[in-house]
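With mmCIF, C-alpha atoms inside, this is target-v8.cif:
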data_structure
loop_
_atom_site.label_atom_id
_atom_site.label_comp_id
_atom_site.auth_asym_id
_atom_site.auth_seq_id
_atom_site.Cartn_x
_atom_site.Cartn_y
_atom_site.Cartn_z
CA MET A 103 19.38 6.87 -53.85
CA GLY A 104 18.54 9.47 -51.29
CA PHE A 105 15.43 10.59 -49.48
CA THR A 106 14.25 14.03 -48.48
CA ARG A 107 13.32 14.60 -44.87
CA ALA A 108 9.65 14.75 -45.91
CA GLU A 109 9.93 11.47 -47.80
CA LEU A 110 11.48 9.77 -44.79
CA GLU A 111 8.84 11.22 -42.46
CA SER A 112 6.14 9.64 -44.62
CA PHE A 113 7.43 6.25 -43.41
CA ARG A 114 6.94 7.05 -39.72
CA ASP A 115 5.11 4.17 -37.96
CA ALA A 116 5.54 1.85 -40.97
CA VAL A 117 6.32 -1.79 -40.19
CA VAL A 118 9.20 -3.71 -41.79
CA PRO A 119 8.66 -7.49 -42.07
CA ASP A 120 11.02 -9.82 -40.24
CA LEU A 121 13.78 -11.41 -42.30
CA VAL A 122 13.69 -14.98 -41.03
CA GLY A 123 13.77 -18.22 -42.92
CA PRO A 124 13.71 -21.91 -42.09
CA GLY A 125 16.78 -23.07 -40.22
CA CYS A 126 17.36 -19.76 -38.43
CA ARG A 127 20.29 -20.27 -36.09
CA LEU A 128 21.01 -16.70 -34.97
CA LEU A 129 18.18 -14.20 -34.57
CA PHE A 130 19.37 -10.60 -34.34
CA VAL A 131 16.90 -8.30 -32.64
CA GLY A 132 17.09 -4.60 -33.44
CA ILE A 133 15.37 -1.97 -31.35
CA ASN A 134 12.98 -0.79 -34.08
CA PRO A 135 13.15 0.17 -37.74
CA GLY A 136 14.51 3.58 -38.57
CA LEU A 137 12.83 5.70 -41.21
CA TRP A 138 15.45 4.77 -43.83
CA THR A 139 14.89 1.09 -43.08
CA ALA A 140 11.15 1.58 -43.50
CA ALA A 141 11.68 3.46 -46.78
CA THR A 142 13.84 0.69 -48.26
CA GLY A 143 12.24 -2.30 -46.55
CA ALA A 144 15.70 -3.51 -45.52
CA HIS A 145 16.79 -3.87 -41.89
CA PHE A 146 19.74 -1.73 -40.73
CA ALA A 147 19.69 0.08 -44.09
CA ARG A 148 20.66 3.63 -43.11
CA PRO A 149 23.93 4.66 -44.75
CA GLY A 150 26.67 4.50 -42.15
CA ASN A 151 25.03 1.72 -40.12
CA ARG A 152 27.74 -0.80 -39.33
CA PHE A 153 25.62 -3.95 -38.97
CA TYR A 154 26.43 -5.60 -42.31
CA PRO A 155 30.09 -4.49 -42.41
CA ALA A 156 30.48 -6.04 -38.93
CA LEU A 157 28.77 -9.27 -40.03
CA PHE A 158 31.14 -9.45 -43.01
CA ARG A 159 34.23 -8.67 -40.93
CA ALA A 160 33.23 -11.37 -38.43
CA GLY A 161 32.72 -13.94 -41.22
CA ILE A 162 29.01 -14.35 -40.46
CA ILE A 163 28.25 -13.42 -44.06
CA THR A 164 30.66 -14.19 -46.89
CA HIS A 165 30.21 -11.11 -49.05
CA PRO A 166 29.44 -7.45 -48.34
CA ILE A 167 25.80 -6.38 -48.18
CA THR A 168 24.94 -2.72 -48.72
CA PRO A 169 21.17 -2.28 -48.25
CA SER A 170 20.93 1.53 -48.27
CA GLU A 171 18.92 1.36 -51.50
CA GLY A 172 17.07 -1.81 -50.53
CA MET A 173 18.19 -5.39 -50.27
CA SER A 174 18.42 -7.73 -53.22
CA ALA A 175 16.72 -11.11 -53.17
CA ALA A 176 20.19 -12.67 -53.42
CA ASP A 177 21.34 -10.84 -50.28
CA ARG A 178 18.18 -11.82 -48.37
CA ASN A 179 18.70 -15.43 -49.43
CA HIS A 180 22.36 -15.29 -48.38
CA LEU A 181 21.39 -14.21 -44.85
CA ILE A 182 18.75 -16.94 -44.63
CA GLU A 183 21.14 -19.58 -46.00
CA ARG A 184 23.73 -18.53 -43.42
CA GLY A 185 21.12 -19.05 -40.69
CA VAL A 186 20.79 -15.34 -39.83
CA GLY A 187 17.40 -13.81 -39.04
CA ILE A 188 16.46 -10.23 -38.17
CA THR A 189 13.51 -8.87 -36.19
CA ASN A 190 12.86 -5.88 -33.91
CA LEU A 191 11.63 -5.32 -30.38
CA ALA A 192 9.22 -2.64 -31.57
CA PRO A 193 7.76 -2.97 -35.06
CA ARG A 194 7.00 0.69 -35.83
CA ALA A 195 9.48 2.95 -37.58
CA THR A 196 10.72 6.11 -35.89
CA ALA A 197 13.46 8.63 -36.56
CA ARG A 198 15.19 7.66 -33.29
CA ALA A 199 14.83 4.72 -30.94
CA ASP A 200 14.32 7.06 -27.97
CA GLU A 201 10.90 7.92 -29.45
CA LEU A 202 9.65 4.51 -28.27
CA THR A 203 7.84 4.17 -24.96
CA SER A 204 8.84 1.76 -22.20
CA ASP A 205 5.50 0.03 -22.72
CA GLU A 206 6.34 -0.59 -26.40
CA LEU A 207 9.69 -2.10 -25.45
CA ARG A 208 8.16 -4.35 -22.77
CA ALA A 209 5.50 -5.48 -25.26
CA GLY A 210 8.35 -6.19 -27.68
CA ALA A 211 9.99 -8.53 -25.18
CA GLU A 212 6.73 -10.48 -24.91
CA ARG A 213 6.32 -10.60 -28.69
CA LEU A 214 9.96 -11.73 -29.03
CA ALA A 215 9.23 -14.74 -26.82
CA SER A 216 6.48 -15.77 -29.27
CA GLU A 217 8.78 -15.24 -32.26
CA VAL A 218 11.52 -17.34 -30.66
CA ALA A 219 8.99 -20.13 -30.08
CA GLU A 220 7.95 -19.88 -33.74
CA PHE A 221 11.36 -19.45 -35.43
CA ARG A 222 13.31 -21.68 -32.99
CA PRO A 223 16.76 -20.07 -33.42
CA ARG A 224 19.70 -21.55 -31.53
CA VAL A 225 20.70 -18.11 -30.19
CA VAL A 226 19.05 -14.68 -29.84
CA ALA A 227 21.18 -11.50 -29.95
CA VAL A 228 19.55 -8.22 -28.93
CA ALA A 229 21.41 -5.23 -30.43
CA GLY A 230 21.32 -2.47 -27.83
CA ILE A 231 21.89 -2.66 -24.08
CA THR A 232 19.67 0.31 -23.15
CA ALA A 233 16.67 -1.08 -25.04
CA TYR A 234 17.33 -4.55 -23.60
CA ARG A 235 17.33 -3.19 -20.06
CA ALA A 236 14.02 -1.39 -20.64
CA ALA A 237 12.33 -4.25 -22.50
CA PHE A 238 13.32 -7.01 -20.12
CA GLY A 239 13.44 -5.06 -16.85
CA LYS A 240 17.13 -5.85 -16.32
CA ARG A 241 18.49 -2.50 -15.15
CA THR A 242 21.99 -3.76 -14.41
CA ALA A 243 22.45 -6.01 -17.47
CA ARG A 244 25.74 -5.85 -19.35
CA THR A 245 26.54 -6.85 -22.92
CA GLY A 246 27.40 -10.47 -23.63
CA LEU A 247 25.73 -13.76 -22.74
CA GLN A 248 22.87 -13.27 -20.29
CA ASP A 249 21.93 -15.54 -17.38
CA ASP A 250 18.34 -15.54 -18.65
CA THR A 251 17.10 -17.33 -21.75
CA ILE A 252 14.07 -16.80 -23.96
CA GLY A 253 12.10 -20.03 -23.78
CA GLY A 254 15.34 -21.93 -23.17
CA THR A 255 17.17 -20.21 -26.05
CA PRO A 256 20.48 -18.58 -25.08
CA LEU A 257 20.28 -14.79 -25.07
CA TRP A 258 23.08 -12.37 -25.85
CA VAL A 259 23.12 -8.59 -25.76
CA VAL A 260 25.42 -7.05 -28.34
CA PRO A 261 26.23 -3.40 -29.10
CA ASN A 262 23.88 -1.44 -31.33
CA PRO A 263 25.47 -0.87 -34.77
CA SER A 264 23.96 2.60 -35.25
CA GLY A 265 26.32 5.45 -35.99
CA LEU A 266 24.87 7.11 -32.86
CA ASN A 267 26.76 4.47 -30.85
CA ALA A 268 29.99 6.32 -31.56
CA HIS A 269 32.39 4.40 -29.33
CA GLU A 270 31.87 1.17 -31.32
CA THR A 271 33.75 0.42 -34.52
CA VAL A 272 33.16 -2.15 -37.25
CA GLU A 273 35.98 -4.16 -35.70
CA SER A 274 34.59 -4.06 -32.13
CA LEU A 275 31.11 -4.91 -33.42
CA ALA A 276 32.52 -7.83 -35.43
CA VAL A 277 34.15 -9.23 -32.29
CA ALA A 278 30.90 -8.84 -30.31
CA TYR A 279 28.73 -10.38 -33.07
CA ALA A 280 31.11 -13.32 -33.59
CA GLU A 281 30.47 -14.62 -30.05
CA PRO A 282 26.77 -15.41 -30.47
CA ALA A 283 27.47 -16.56 -34.06
CA ARG A 284 29.90 -19.17 -32.68
CA ALA A 285 27.33 -20.21 -30.06
CA ALA A 286 24.76 -20.59 -32.87
CA GLY A 287 27.11 -22.75 -34.96
CA ILE A 288 27.48 -20.23 -37.78
CA LEU A 289 31.16 -19.68 -37.00
CA SER A 290 33.53 -22.30 -35.71
CA ALA A 291 35.21 -21.83 -32.37
CA PRO A 292 38.65 -20.23 -32.55
CA SER A 293 41.40 -22.79 -32.46
CA SER A 294 43.64 -22.95 -29.43
CA PRO A 295 47.31 -22.16 -29.97
CA ALA A 296 49.55 -25.22 -30.18
CA ARG A 297 51.62 -25.95 -27.10
#

Kindly present the structure from the file in structure tokens form.
Amino acid sequence: MGFTRAELESFRDAVVPDLVGPGCRLLFVGINPGLWTAATGAHFARPGNRFYPALFRAGIITHPITPSEGMSAADRNHLIERGVGITNLAPRATARADELTSDELRAGAERLASEVAEFRPRVVAVAGITAYRAAFGKRTARTGLQDDTIGGTPLWVVPNPSGLNAHETVESLAVAYAEPARAAGILSAPSSPAR
């Protein structure tokens, strides 16, 4: 399945529903839906996005998910059963995240606090350091576990899986995503070498 530029543009400002079920342990927070995501109704759906390959490589999901043509009910259920949820800081779809305003990102941080109170995940992982800094007013934040929480819930910042984030690979993303997944109890802690 492919889309013309005009078809994708017709999804500008569309909203993609959160993918969150009962028992959410790890809530991934994207910046906002891209046009391809809005067209398919599946988060991180643009061909070449490394989110799902990284989740699979990390062991967070147990089979590959390829949502570029939409996501099957079985794949949605698999994510929910694994305790993985997905939301966004800004709900409206754009061609690029840099089309969002600082006000939209700050409002997204406030909305996220309400979603965390509602969904009650064990861990929140925001995918994108630049958006995190703008949304939360943390200009010097680095990736990894943050000192701050969201309503007492541990907060991580992980690299954005977009192909525009060229210095990341599926392998480096898998390593980064595994850390909050371990903290959320989705993955077990690595065993220590025997002495």

Task: Result set, the PyMOL selection byres ((chain A and resi 277-289) around 8) on current file, as an NGL selection string - done: :A and (127-128 or 156-157 or 160-162 or 184-185 or 224-227 or 246-247 or 258 or 260-261 or 273-276 or 290-291)

- [ ] One decimal, Å: what's the distance from atom CA of Gly230 of chain A over to atom CA of Arg159 of chain A, could you say?
- [x]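 Those two atoms sit 19.4 Å apart.
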
TODO: Quote the spacing between atom CA of Arg198 of chain A and atom CA of Arg235 of chain A in Å to one decimal place.
DONE: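 Computing the Euclidean distance for atom CA of Arg198 of chain A and atom CA of Arg235 of chain A yields 17.2 Å.
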
Please enumerate the residues selected by the PyMOL selection byres ((chain A and resi 267) around 12) when evaluated against the supplied file, formatted as a compact mmCIF listing (two decimals) with C-alpha atoms, in the coordinates of the input.
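Result written to selection-v1.txt:
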# COMPACT_ATOMS: atom_id res chain seq x y z
CA GLY A 150 26.67 4.50 -42.15
CA ASN A 151 25.03 1.72 -40.12
CA ARG A 152 27.74 -0.80 -39.33
CA PHE A 153 25.62 -3.95 -38.97
CA ALA A 199 14.83 4.72 -30.94
CA ALA A 229 21.41 -5.23 -30.43
CA GLY A 230 21.32 -2.47 -27.83
CA ILE A 231 21.89 -2.66 -24.08
CA THR A 232 19.67 0.31 -23.15
CA VAL A 260 25.42 -7.05 -28.34
CA PRO A 261 26.23 -3.40 -29.10
CA ASN A 262 23.88 -1.44 -31.33
CA PRO A 263 25.47 -0.87 -34.77
CA SER A 264 23.96 2.60 -35.25
CA GLY A 265 26.32 5.45 -35.99
CA LEU A 266 24.87 7.11 -32.86
CA ALA A 268 29.99 6.32 -31.56
CA HIS A 269 32.39 4.40 -29.33
CA GLU A 270 31.87 1.17 -31.32
CA THR A 271 33.75 0.42 -34.52
CA VAL A 272 33.16 -2.15 -37.25
CA SER A 274 34.59 -4.06 -32.13
CA LEU A 275 31.11 -4.91 -33.42

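The closest residue to Gly253 of chain A, picked from A:Leu129, A:Ala236, A:Val228, A:Ala215 and counting only C-alpha atoms, is A:Ala215.
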
TODO: Evaluate the PyMOL selection byres ((chain A and resi 122) around 12) and record the selected residues as an NGL selection string, following the chain and residue labels used in the document.
DONE: :A and (119-121 or 123-131 or 145 or 178-190 or 217-218 or 220-223)

If you keep C-alpha atoms, can you produce a file of those selected residues as a CSV table (one decimal), in the coordinates of the input?
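To be explicit, this is the file written out as out_2.csv:
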chain,number,residue,atom,x,y,z
A,119,PRO,CA,8.7,-7.5,-42.1
A,120,ASP,CA,11.0,-9.8,-40.2
A,121,LEU,CA,13.8,-11.4,-42.3
A,123,GLY,CA,13.8,-18.2,-42.9
A,124,PRO,CA,13.7,-21.9,-42.1
A,125,GLY,CA,16.8,-23.1,-40.2
A,126,CYS,CA,17.4,-19.8,-38.4
A,127,ARG,CA,20.3,-20.3,-36.1
A,128,LEU,CA,21.0,-16.7,-35.0
A,129,LEU,CA,18.2,-14.2,-34.6
A,130,PHE,CA,19.4,-10.6,-34.3
A,131,VAL,CA,16.9,-8.3,-32.6
A,145,HIS,CA,16.8,-3.9,-41.9
A,178,ARG,CA,18.2,-11.8,-48.4
A,179,ASN,CA,18.7,-15.4,-49.4
A,180,HIS,CA,22.4,-15.3,-48.4
A,181,LEU,CA,21.4,-14.2,-44.8
A,182,ILE,CA,18.8,-16.9,-44.6
A,183,GLU,CA,21.1,-19.6,-46.0
A,184,ARG,CA,23.7,-18.5,-43.4
A,185,GLY,CA,21.1,-19.0,-40.7
A,186,VAL,CA,20.8,-15.3,-39.8
A,187,GLY,CA,17.4,-13.8,-39.0
A,188,ILE,CA,16.5,-10.2,-38.2
A,189,THR,CA,13.5,-8.9,-36.2
A,190,ASN,CA,12.9,-5.9,-33.9
A,217,GLU,CA,8.8,-15.2,-32.3
A,218,VAL,CA,11.5,-17.3,-30.7
A,220,GLU,CA,8.0,-19.9,-33.7
A,221,PHE,CA,11.4,-19.4,-35.4
A,222,ARG,CA,13.3,-21.7,-33.0
A,223,PRO,CA,16.8,-20.1,-33.4

TODO: Take atom CA of Arg244 of chain A and atom CA of Leu202 of chain A and report the distance between them in Å, one decimal.
DONE: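 We find that atom CA of Arg244 of chain A and atom CA of Leu202 of chain A lie 21.1 Å from each other.
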
Task: Nearest to Arg194 of chain A by atom-to-atom distance, counting only C-alpha atoms, from A:Thr245, A:Asn134, A:Thr164, A:Ser174 - done: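 Looking at the shortest contact to Arg194 of chain A, the residue is A:Asn134.
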
- [ ] Considering only C-alpha atoms, state which residue in the set A:Ala175, A:Ile252, A:Ala147, A:Ala197 is at the smallest distance from Arg213 of chain A.
- [x]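 That would be A:Ile252, the residue with the smallest distance to Arg213 of chain A.
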
- [ ] Return the single residue from A:Pro292, A:Pro193, A:Pro256, A:Gly239 that is closest to Arg208 of chain A, with distances computed using only C-alpha atoms.
- [x]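 Comparing A:Pro292, A:Pro193, A:Pro256, A:Gly239 against Arg208 of chain A, the winner is A:Gly239.
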
Expected axis-aligned box over every listed atom of segment 130-134 of chain A, 3 Å added per side, centre plus edges in Å to one decimal, as AutoDock Vina command-line options:
--center_x 16.2 --center_y -5.7 --center_z -32.8 --size_x 12.4 --size_y 15.8 --size_z 9.0

Spatial neighbours of Ala237 of chain A, 9 Å, only C-alpha atoms, chain gap at least 3 places, as a CSV table (one decimal) with C-alpha atoms, in the coordinates of the input:
chain,number,residue,atom,x,y,z
A,191,LEU,CA,11.6,-5.3,-30.4
A,204,SER,CA,8.8,1.8,-22.2
A,205,ASP,CA,5.5,0.0,-22.7
A,206,GLU,CA,6.3,-0.6,-26.4
A,207,LEU,CA,9.7,-2.1,-25.4
A,208,ARG,CA,8.2,-4.4,-22.8
A,209,ALA,CA,5.5,-5.5,-25.3
A,210,GLY,CA,8.4,-6.2,-27.7
A,211,ALA,CA,10.0,-8.5,-25.2
A,212,GLU,CA,6.7,-10.5,-24.9
A,232,THR,CA,19.7,0.3,-23.2
A,233,ALA,CA,16.7,-1.1,-25.0
A,234,TYR,CA,17.3,-4.6,-23.6
A,240,LYS,CA,17.1,-5.8,-16.3

Show me that you can extract segment 148-160 of chain A, keeping all heavy atoms, and write it as an mmCIF file, in the first residue's frame.
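Written out: out.cif:
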data_model
loop_
_atom_site.group_PDB
_atom_site.id
_atom_site.type_symbol
_atom_site.label_atom_id
_atom_site.label_comp_id
_atom_site.auth_asym_id
_atom_site.auth_seq_id
_atom_site.Cartn_x
_atom_site.Cartn_y
_atom_site.Cartn_z
ATOM 1 N N ARG A 148 5.006 4.703 9.551
ATOM 2 C CA ARG A 148 5.706 5.058 8.321
ATOM 3 C C ARG A 148 6.755 4.000 7.979
ATOM 4 O O ARG A 148 7.520 3.576 8.840
ATOM 5 C CB ARG A 148 6.375 6.419 8.458
ATOM 6 C CG ARG A 148 7.040 6.861 7.167
ATOM 7 C CD ARG A 148 7.470 8.322 7.240
ATOM 8 N NE ARG A 148 7.940 8.773 5.961
ATOM 9 C CZ ARG A 148 7.176 9.135 4.944
ATOM 10 N NH1 ARG A 148 5.872 9.098 5.058
ATOM 11 N NH2 ARG A 148 7.701 9.536 3.817
ATOM 12 N N PRO A 149 6.789 3.557 6.727
ATOM 13 C CA PRO A 149 7.826 2.598 6.340
ATOM 14 C C PRO A 149 9.217 3.160 6.678
ATOM 15 O O PRO A 149 9.492 4.331 6.453
ATOM 16 C CB PRO A 149 7.637 2.468 4.825
ATOM 17 C CG PRO A 149 6.204 2.818 4.584
ATOM 18 C CD PRO A 149 5.896 3.889 5.607
ATOM 19 N N GLY A 150 10.035 2.333 7.258
ATOM 20 C CA GLY A 150 11.371 2.769 7.651
ATOM 21 C C GLY A 150 11.459 3.202 9.106
ATOM 22 O O GLY A 150 12.558 3.339 9.639
ATOM 23 N N ASN A 151 10.319 3.409 9.769
ATOM 24 C CA ASN A 151 10.371 3.737 11.191
ATOM 25 C C ASN A 151 10.846 2.495 11.936
ATOM 26 O O ASN A 151 10.408 1.381 11.657
ATOM 27 C CB ASN A 151 8.991 4.190 11.692
ATOM 28 C CG ASN A 151 9.074 4.768 13.094
ATOM 29 O OD1 ASN A 151 9.433 4.090 14.039
ATOM 30 N ND2 ASN A 151 8.731 6.043 13.210
ATOM 31 N N ARG A 152 11.732 2.698 12.886
ATOM 32 C CA ARG A 152 12.395 1.565 13.538
ATOM 33 C C ARG A 152 11.798 1.187 14.890
ATOM 34 O O ARG A 152 12.366 0.389 15.621
ATOM 35 C CB ARG A 152 13.881 1.892 13.668
ATOM 36 C CG ARG A 152 14.489 2.056 12.272
ATOM 37 C CD ARG A 152 15.750 2.824 12.260
ATOM 38 N NE ARG A 152 15.547 4.167 12.755
ATOM 39 C CZ ARG A 152 16.530 5.037 12.955
ATOM 40 N NH1 ARG A 152 17.756 4.692 12.699
ATOM 41 N NH2 ARG A 152 16.283 6.240 13.399
ATOM 42 N N PHE A 153 10.643 1.751 15.234
ATOM 43 C CA PHE A 153 10.046 1.496 16.551
ATOM 44 C C PHE A 153 9.779 0.002 16.771
ATOM 45 O O PHE A 153 10.282 -0.592 17.718
ATOM 46 C CB PHE A 153 8.761 2.308 16.706
ATOM 47 C CG PHE A 153 8.089 2.155 18.036
ATOM 48 C CD1 PHE A 153 8.637 2.728 19.169
ATOM 49 C CD2 PHE A 153 6.904 1.432 18.162
ATOM 50 C CE1 PHE A 153 8.018 2.590 20.406
ATOM 51 C CE2 PHE A 153 6.279 1.300 19.386
ATOM 52 C CZ PHE A 153 6.835 1.880 20.511
ATOM 53 N N TYR A 154 8.987 -0.598 15.909
ATOM 54 C CA TYR A 154 8.627 -2.011 16.112
ATOM 55 C C TYR A 154 9.806 -2.959 15.915
ATOM 56 O O TYR A 154 9.943 -3.912 16.696
ATOM 57 C CB TYR A 154 7.427 -2.401 15.241
ATOM 58 C CG TYR A 154 6.201 -1.599 15.618
ATOM 59 C CD1 TYR A 154 5.793 -0.530 14.830
ATOM 60 C CD2 TYR A 154 5.479 -1.877 16.776
ATOM 61 C CE1 TYR A 154 4.686 0.238 15.186
ATOM 62 C CE2 TYR A 154 4.380 -1.121 17.131
ATOM 63 C CZ TYR A 154 3.983 -0.061 16.342
ATOM 64 O OH TYR A 154 2.899 0.700 16.694
ATOM 65 N N PRO A 155 10.676 -2.737 14.907
ATOM 66 C CA PRO A 155 11.872 -3.590 14.850
ATOM 67 C C PRO A 155 12.721 -3.508 16.124
ATOM 68 O O PRO A 155 13.258 -4.523 16.580
ATOM 69 C CB PRO A 155 12.631 -3.050 13.631
ATOM 70 C CG PRO A 155 11.554 -2.502 12.741
ATOM 71 C CD PRO A 155 10.561 -1.894 13.706
ATOM 72 N N ALA A 156 12.805 -2.325 16.730
ATOM 73 C CA ALA A 156 13.576 -2.183 17.970
ATOM 74 C C ALA A 156 12.880 -2.889 19.132
ATOM 75 O O ALA A 156 13.540 -3.533 19.961
ATOM 76 C CB ALA A 156 13.801 -0.710 18.290
ATOM 77 N N LEU A 157 11.539 -2.791 19.202
ATOM 78 C CA LEU A 157 10.812 -3.511 20.252
ATOM 79 C C LEU A 157 11.036 -5.019 20.123
ATOM 80 O O LEU A 157 11.237 -5.713 21.129
ATOM 81 C CB LEU A 157 9.309 -3.223 20.172
ATOM 82 C CG LEU A 157 8.800 -1.827 20.489
ATOM 83 C CD1 LEU A 157 7.272 -1.815 20.495
ATOM 84 C CD2 LEU A 157 9.338 -1.291 21.792
ATOM 85 N N PHE A 158 11.007 -5.515 18.884
ATOM 86 C CA PHE A 158 11.217 -6.942 18.653
ATOM 87 C C PHE A 158 12.643 -7.348 19.010
ATOM 88 O O PHE A 158 12.863 -8.345 19.710
ATOM 89 C CB PHE A 158 10.896 -7.290 17.202
ATOM 90 C CG PHE A 158 11.090 -8.735 16.868
ATOM 91 C CD1 PHE A 158 10.353 -9.729 17.501
ATOM 92 C CD2 PHE A 158 12.024 -9.122 15.919
ATOM 93 C CE1 PHE A 158 10.534 -11.077 17.203
ATOM 94 C CE2 PHE A 158 12.212 -10.455 15.607
ATOM 95 C CZ PHE A 158 11.471 -11.431 16.249
ATOM 96 N N ARG A 159 13.611 -6.570 18.565
ATOM 97 C CA ARG A 159 15.023 -6.882 18.857
ATOM 98 C C ARG A 159 15.274 -6.884 20.366
ATOM 99 O O ARG A 159 16.032 -7.702 20.877
ATOM 100 C CB ARG A 159 15.917 -5.852 18.160
ATOM 101 C CG ARG A 159 17.400 -6.003 18.417
ATOM 102 C CD ARG A 159 18.046 -7.170 17.678
ATOM 103 N NE ARG A 159 17.870 -7.107 16.261
ATOM 104 C CZ ARG A 159 18.710 -6.528 15.410
ATOM 105 N NH1 ARG A 159 19.801 -5.947 15.837
ATOM 106 N NH2 ARG A 159 18.450 -6.547 14.124
ATOM 107 N N ALA A 160 14.612 -5.982 21.091
ATOM 108 C CA ALA A 160 14.794 -5.907 22.542
ATOM 109 C C ALA A 160 14.071 -7.027 23.284
ATOM 110 O O ALA A 160 14.353 -7.277 24.452
ATOM 111 C CB ALA A 160 14.290 -4.558 23.058
#
